[in-house]
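To be precise, the following lines are structure-v4.tsv, and they hold TSV, C-alpha atoms and all ligand atoms.
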chain	number	residue	atom	x	y	z
A	27	MET	CA	-11.30	-22.16	62.16
A	28	VAL	CA	-14.69	-21.48	63.70
A	29	ARG	CA	-15.01	-19.36	66.77
A	30	GLN	CA	-17.89	-20.65	68.79
A	31	HIS	CA	-19.69	-18.76	71.41
A	32	ASN	CA	-22.52	-20.04	73.52
A	33	PRO	CA	-23.76	-17.11	75.56
A	34	THR	CA	-26.83	-19.02	76.71
A	35	ARG	CA	-24.72	-21.59	78.53
A	36	ASP	CA	-22.77	-19.15	80.66
A	37	ASP	CA	-24.94	-19.49	83.75
A	38	ASP	CA	-24.41	-22.96	85.09
A	39	LEU	CA	-21.59	-24.32	82.99
A	40	ARG	CA	-17.98	-24.01	84.03
A	41	PRO	CA	-16.14	-25.56	81.11
A	42	GLY	CA	-12.97	-24.18	82.64
A	43	ASP	CA	-13.01	-26.74	85.41
A	44	GLU	CA	-12.39	-29.86	83.39
A	45	ILE	CA	-9.90	-28.24	81.07
A	46	ASP	CA	-8.14	-26.64	83.98
A	47	GLU	CA	-7.78	-29.96	85.68
A	48	LEU	CA	-6.53	-31.68	82.55
A	49	LEU	CA	-4.11	-29.04	81.33
A	50	GLY	CA	-3.07	-27.97	84.82
A	51	GLU	CA	-1.86	-31.45	85.74
A	52	ALA	CA	-1.14	-33.46	82.61
A	53	ASN	CA	2.27	-32.06	81.61
A	54	PRO	CA	4.47	-31.28	84.64
A	55	ASN	CA	7.47	-30.11	82.55
A	56	PRO	CA	9.71	-29.81	85.65
A	57	ASP	CA	12.64	-28.41	83.67
A	58	ARG	CA	10.37	-25.85	82.05
A	59	VAL	CA	11.55	-26.87	78.60
A	60	GLY	CA	10.57	-24.38	75.91
A	61	CYS	CA	8.71	-22.09	78.28
A	62	PRO	CA	7.98	-18.62	76.94
A	63	SER	CA	8.74	-15.46	78.88
A	64	ARG	CA	6.43	-14.07	81.53
A	65	GLU	CA	5.52	-11.25	79.15
A	66	THR	CA	4.34	-13.80	76.61
A	67	LEU	CA	2.30	-15.63	79.21
A	68	VAL	CA	0.65	-12.37	80.23
A	69	GLU	CA	-0.17	-11.68	76.58
A	70	LEU	CA	-1.62	-15.15	76.20
A	71	ALA	CA	-3.69	-14.67	79.31
A	72	ARG	CA	-4.96	-11.35	77.97
A	73	ARG	CA	-5.67	-12.99	74.64
A	74	ALA	CA	-3.50	-10.28	73.12
A	75	ARG	CA	-2.05	-12.76	70.67
A	76	PRO	CA	-3.72	-14.18	67.56
A	77	ILE	CA	-5.45	-17.45	68.14
A	78	ASP	CA	-3.04	-19.30	65.88
A	79	ASP	CA	-0.03	-18.03	67.79
A	80	PRO	CA	2.28	-21.03	68.39
A	81	ALA	CA	2.68	-20.00	72.01
A	82	TYR	CA	-0.79	-21.36	72.71
A	83	GLU	CA	0.45	-24.78	71.71
A	84	HIS	CA	2.97	-24.59	74.49
A	85	LEU	CA	0.21	-24.16	77.06
A	86	VAL	CA	-1.25	-27.43	75.91
A	87	LYS	CA	2.09	-29.12	76.50
A	88	CYS	CA	3.17	-27.42	79.71
A	89	SER	CA	1.07	-27.47	82.85
A	90	PRO	CA	3.16	-24.93	84.82
A	91	CYS	CA	2.72	-22.33	82.07
A	92	TYR	CA	-0.94	-23.21	81.72
A	93	ARG	CA	-1.44	-22.72	85.44
A	94	GLU	CA	0.38	-19.37	85.32
A	95	VAL	CA	-1.82	-18.15	82.50
A	96	ARG	CA	-4.96	-19.28	84.28
A	97	ALA	CA	-3.76	-17.66	87.49
A	98	PHE	CA	-3.35	-14.33	85.68
A	99	GLN	CA	-6.82	-14.69	84.26
A	100	GLU	CA	-8.34	-15.58	87.62
A	101	GLU	CA	-6.56	-12.69	89.24
A	102	TRP	CA	-7.92	-10.19	86.74
A	103	ALA	CA	-11.32	-11.78	86.71
A	104	THR	CA	-11.71	-11.55	90.48
A	105	GLY	CA	-10.78	-7.92	90.22
A	106	ALA	CA	-13.54	-7.41	87.68
A	107	ALA	CA	-16.82	-5.95	88.72
A	108	SER	CA	-19.54	-8.55	88.84
A	109	ARG	CA	-19.69	-12.25	89.41
A	110	GLN	CA	-21.57	-12.69	86.14
A	111	LYS	CA	-18.90	-10.86	84.25
A	112	ARG	CA	-16.30	-13.07	85.84
A	113	THR	CA	-18.05	-16.26	84.80
A	114	ARG	CA	-18.40	-15.03	81.25
A	115	TRP	CA	-14.76	-14.12	81.21
A	116	LEU	CA	-13.72	-17.55	82.36
A	117	VAL	CA	-15.93	-19.20	79.79
A	118	ALA	CA	-14.43	-17.06	77.07
A	119	ALA	CA	-10.91	-17.74	78.28
A	120	ALA	CA	-11.56	-21.46	78.42
A	121	ALA	CA	-13.07	-21.36	74.95
A	122	VAL	CA	-9.94	-19.76	73.57
A	123	LEU	CA	-7.84	-22.49	75.11
A	124	LEU	CA	-10.18	-25.11	73.74
A	125	ILE	CA	-9.74	-23.72	70.26
A	126	ALA	CA	-6.00	-23.72	70.72
A	127	LEU	CA	-6.17	-27.26	72.02
A	128	ALA	CA	-8.26	-28.41	69.07
A	129	SER	CA	-5.98	-26.78	66.54
A	130	THR	CA	-2.95	-28.34	68.19
A	131	TRP	CA	-4.54	-31.74	67.92
A	132	LEU	CA	-5.32	-31.11	64.29
A	133	LEU	CA	-1.78	-29.95	63.65
A	134	THR	CA	-0.18	-32.91	65.33
A	135	ARG	CA	-2.57	-35.44	63.89
A	136	GLY	CA	-2.76	-33.99	60.41
A	137	PRO	CA	0.44	-35.19	58.70
A	138	GLU	CA	0.40	-38.54	60.45
A	139	SER	CA	-0.27	-41.58	58.31
A	140	PRO	CA	-3.10	-43.87	59.40
A	141	SER	CA	-0.66	-46.71	59.88
A	142	SER	CA	1.50	-44.85	62.34
A	143	THR	CA	2.30	-46.88	65.41
A	144	PRO	CA	1.38	-45.90	68.95
A	145	THR	CA	5.08	-45.91	69.80
A	146	THR	CA	5.44	-42.44	68.26
A	147	PRO	CA	2.88	-40.37	70.11
A	148	ARG	CA	5.03	-37.26	70.12
A	149	THR	CA	4.33	-34.42	67.76
A	150	GLN	CA	5.63	-34.94	64.28
A	151	VAL	CA	7.45	-31.63	64.22
A	152	ALA	CA	11.11	-32.24	63.68
A	153	GLU	CA	13.29	-30.16	65.94
A	154	VAL	CA	16.49	-28.83	64.48
A	155	ARG	CA	19.41	-28.83	66.86
A	156	THR	CA	21.58	-25.76	66.70
A	157	GLU	CA	24.52	-24.94	68.89
A	158	LEU	CA	25.61	-21.33	69.08
A	159	ASP	CA	28.88	-20.38	70.70
A	160	LEU	CA	28.36	-16.88	72.07
A	161	ARG	CA	31.61	-16.81	74.02
A	162	LYS	CA	33.54	-15.06	71.26
A	163	TYR	CA	31.28	-12.02	71.40
A	164	ALA	CA	32.51	-11.03	74.83
A	165	VAL	CA	36.07	-11.15	73.50
A	166	LEU	CA	35.21	-8.99	70.53
A	167	ARG	CA	33.67	-6.39	72.76
A	168	ASN	CA	36.75	-6.15	74.96
A	169	ASP	CA	39.47	-5.85	72.38
A	170	GLN	CA	37.35	-3.59	70.15
A	171	SER	CA	38.39	-5.55	67.15
A	172	ALA	CA	37.50	-4.04	63.83
A	173	GLU	CA	36.33	-7.40	62.64
A	174	PRO	CA	32.62	-7.19	61.92
A	175	ILE	CA	30.46	-9.32	64.17
A	176	LYS	CA	29.10	-12.28	62.32
A	177	SER	CA	25.42	-13.04	62.66
A	178	VAL	CA	24.40	-16.30	64.23
A	179	VAL	CA	22.35	-18.24	61.72
A	180	LEU	CA	19.07	-19.88	62.62
A	181	PRO	CA	16.75	-22.02	60.50
A	182	VAL	CA	13.02	-21.49	60.03
A	183	ALA	CA	12.05	-24.46	62.16
A	184	VAL	CA	11.43	-25.61	65.67
A	185	VAL	CA	14.94	-25.11	66.93
A	186	GLU	CA	16.47	-26.83	69.90
A	187	LEU	CA	19.02	-24.20	70.76
A	188	THR	CA	22.14	-24.84	72.75
A	189	LEU	CA	23.74	-21.55	73.69
A	190	LEU	CA	27.25	-21.42	75.06
A	191	LEU	CA	27.10	-18.18	77.00
A	192	PRO	CA	29.86	-15.56	77.23
A	193	VAL	CA	32.45	-15.97	79.95
A	194	GLY	CA	31.18	-14.68	83.27
A	195	SER	CA	27.58	-15.72	82.69
A	196	GLU	CA	26.15	-17.16	85.89
A	197	PRO	CA	23.96	-20.24	85.97
A	198	GLY	CA	20.28	-19.55	86.61
A	199	THR	CA	17.07	-19.01	84.75
A	200	TYR	CA	17.43	-17.45	81.34
A	201	ASP	CA	15.09	-15.86	78.82
A	202	VAL	CA	15.97	-16.46	75.20
A	203	GLN	CA	14.15	-14.32	72.66
A	204	LEU	CA	14.37	-13.52	69.02
A	205	PHE	CA	13.77	-9.81	68.49
A	206	ASP	CA	13.00	-8.30	65.13
A	207	LEU	CA	14.73	-5.10	64.07
A	208	ASN	CA	12.15	-3.04	65.98
A	209	LEU	CA	13.20	-5.00	69.08
A	210	LYS	CA	9.82	-6.65	69.22
A	211	ALA	CA	9.96	-10.19	70.60
A	212	ARG	CA	8.92	-12.65	67.92
A	213	ALA	CA	9.73	-15.95	69.57
A	214	GLY	CA	11.24	-17.07	72.79
A	215	ALA	CA	11.55	-19.42	75.66
A	216	ARG	CA	12.65	-19.56	79.26
A	217	ALA	CA	15.21	-22.14	80.20
A	218	ALA	CA	17.79	-23.06	82.77
A	219	GLY	CA	21.41	-22.06	82.34
A	220	ARG	CA	23.69	-24.77	83.68
A	221	VAL	CA	27.44	-25.06	83.86
A	222	ARG	CA	28.67	-27.76	81.53
A	223	ASN	CA	32.34	-28.32	80.86
A	224	PHE	CA	32.98	-25.02	82.66
A	225	ILE	CA	30.71	-23.17	80.22
A	226	THR	CA	27.34	-21.82	81.23
A	227	THR	CA	25.01	-23.40	78.73
A	228	VAL	CA	21.34	-22.79	78.02
A	229	GLN	CA	19.17	-25.23	76.15
A	230	ALA	CA	15.91	-23.82	74.89
A	231	THR	CA	13.42	-24.83	72.26
A	232	VAL	CA	12.03	-22.01	70.16
A	233	ASP	CA	9.47	-22.24	67.40
A	234	LEU	CA	10.64	-20.09	64.49
A	235	ARG	CA	8.41	-21.63	61.86
A	236	LYS	CA	6.10	-18.64	61.55
A	237	LEU	CA	8.85	-16.06	61.16
A	238	GLU	CA	10.12	-14.56	57.96
A	239	THR	CA	13.71	-14.98	56.95
A	240	GLY	CA	15.98	-12.01	57.46
A	241	PRO	CA	17.90	-10.18	60.17
A	242	TYR	CA	16.97	-10.45	63.84
A	243	GLN	CA	18.59	-10.01	67.21
A	244	LEU	CA	19.08	-13.00	69.43
A	245	ALA	CA	18.46	-11.73	72.93
A	246	VAL	CA	19.57	-13.61	76.02
A	247	ARG	CA	19.30	-12.54	79.61
A	248	ARG	CA	19.50	-14.05	83.00
A	249	VAL	CA	16.14	-13.27	84.60
A	250	GLY	CA	16.38	-9.89	86.29
A	251	GLU	CA	19.45	-8.80	84.34
A	252	ASP	CA	20.01	-6.90	81.11
A	253	TRP	CA	19.56	-8.40	77.68
A	254	LEU	CA	22.62	-9.43	75.75
A	255	LEU	CA	21.96	-8.94	72.05
A	256	PHE	CA	23.60	-10.92	69.29
A	257	PRO	CA	23.04	-10.27	65.60
A	258	ALA	CA	21.12	-13.15	64.11
A	259	GLU	CA	19.87	-14.16	60.74
A	260	LEU	CA	16.97	-16.42	59.97
A	261	ARG	CA	17.51	-18.46	56.83
A	301	ZN	ZN	5.97	-23.87	79.90
Can you dump the structure from the file as structure tokens?
Amino acid sequence: MVRQHNPTRDDDLRPGDEIDELLGEANPNPDRVGCPSRETLVELARRARPIDDPAYEHLVKCSPCYREVRAFQEEWATGAASRQKRTRWLVAAAAVLLIALASTWLLTRGPESPSSTPTTPRTQVAEVRTELDLRKYAVLRNDQSAEPIKSVVLPVAVVELTLLLPVGSEPGTYDVQLFDLNLKARAGARAAGRVRNFITTVQATVDLRKLETGPYQLAVRRVGEDWLLFPAELR
């Protein structure tokens, strides 16, 4: 990938405007499907993540998250010293998003055959559906059973997770993260927890394709509450 920089065009050009309009409106995502955590959005806004981080792809698909990221950037930029600096910052930020946008297009277009029909405009990434019943963990904790806790198993894929939350979990907005053994978040999403068949259930899409197989912790929390950790294994 080529990083392009056009310092001579900083003065009059605001490439952010058009992109902002496009990405800020195009994908309403009212249910906030697959949205990363606020921490991730802040990192994206700070460009603290590598340019090929899959989280950038989400910004291309989700206008609310895109707007949040841009709002962070604007906020920091207005706090910055000079107007010139601010403009340069915005240009740089927009350029990063452009690169992410371009690479997403390449990714989604790449494997497609030339004869593919316009009826399948969605990305070609197959999502693997996985349902995890986390209700038993609460029981284990209470009766202090000696039975070792089994890891939940996740595939290296884009996973459409359905989590059946432990008894007592309230509906609301949930963060779902996959922590590595250093408790560093490696993938995640924000999603709604809804009561279904008397069970609070969260559906979230997480992209685990870039992660190595091995042990992790599946972390779930209702926003504002403590994380619940479940041993997980990526296979
Ligand atoms: Zn989003």
Discussion item. Quick check, in Å to one decimal: how far apart do CA of Pro192 in chain A and CA of Pro90 in chain A lie?
Written reply: 29.3 Å
Worksheet item: Between A:Gly240, A:Gly60, A:Pro76, A:Pro181, which one has atoms that come closest to ligand ZN 301 (chain A), using all atoms listed in the file?
Response: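 For ligand ZN 301 (chain A), the nearest of the candidates is A:Gly60.
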Worksheet entry | Expected answer as a PyMOL selection string: residues within 7 Å of ligand ZN 301 (chain A), all atoms listed in the file | chain A and resi 55+58-62+84-85+88-91
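Comparing the minimum interatomic distances between Ala218 in chain A and each of A:Tyr242, A:Phe205, A:Pro56, A:Ala152, counting only C-alpha atoms, we find that A:Pro56 sits nearest.
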Worksheet entry | Sel. within 9 Å of pt (24.8, -7.0, 68.0), counting only C-alpha atoms, output as a list in words |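 Checked against the point, the hits come out as Tyr163, Ile175, Lys176, Ser177, Gln243, Leu244, Leu254, Leu255, Phe256, Pro257 and Ala258 of chain A.
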How about saving the chosen residues, C-alpha atoms kept, as an mmCIF file, in the coordinates of the input?
data_model
loop_
_atom_site.group_PDB
_atom_site.id
_atom_site.type_symbol
_atom_site.label_atom_id
_atom_site.label_comp_id
_atom_site.auth_asym_id
_atom_site.auth_seq_id
_atom_site.Cartn_x
_atom_site.Cartn_y
_atom_site.Cartn_z
ATOM 1 C CA TYR A 163 31.280 -12.020 71.400
ATOM 2 C CA ILE A 175 30.460 -9.320 64.170
ATOM 3 C CA LYS A 176 29.100 -12.280 62.320
ATOM 4 C CA SER A 177 25.420 -13.040 62.660
ATOM 5 C CA GLN A 243 18.590 -10.010 67.210
ATOM 6 C CA LEU A 244 19.080 -13.000 69.430
ATOM 7 C CA LEU A 254 22.620 -9.430 75.750
ATOM 8 C CA LEU A 255 21.960 -8.940 72.050
ATOM 9 C CA PHE A 256 23.600 -10.920 69.290
ATOM 10 C CA PRO A 257 23.040 -10.270 65.600
ATOM 11 C CA ALA A 258 21.120 -13.150 64.110
#
Fill in: Interatomic distance, CA of Ile225 in chain A to CA of Pro54 in chain A (Å, one decimal)
27.8 Å
Worksheet entry | For CA of Gly194 in chain A and CA of Arg161 in chain A, the interatomic separation in Å (one decimal) | 9.5 Å
Worksheet item: Which one of A:Asp233, A:Glu251, A:Glu100, A:Glu69 sits closest to Tyr200 in chain A if you count all atoms listed in the file?
Response: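 Answer, going by the shortest atom-to-atom distance: A:Glu251.
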Practice prompt. Anything within 10 Å of (13.9, -19.1, 58.2): list those residues as number ranges by chain, counting only C-alpha atoms and sticking to the file's coordinates.
Written response: A: 179-183, 234-241, 259-261
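Of the listed residues A:Gly214, A:Gln203, A:Asn223, A:Gln99, the one whose atoms come nearest to Leu190 in chain A is A:Asn223, with distances taken using only C-alpha atoms.
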Worksheet item: If you count only C-alpha atoms, which residues fall within 10 Å of Val221 in chain A, apart from same-chain ones fewer than 2 positions away, as an NGL selection string?
Response: :A and (190-191 or 195-198 or 218-219 or 223-228)
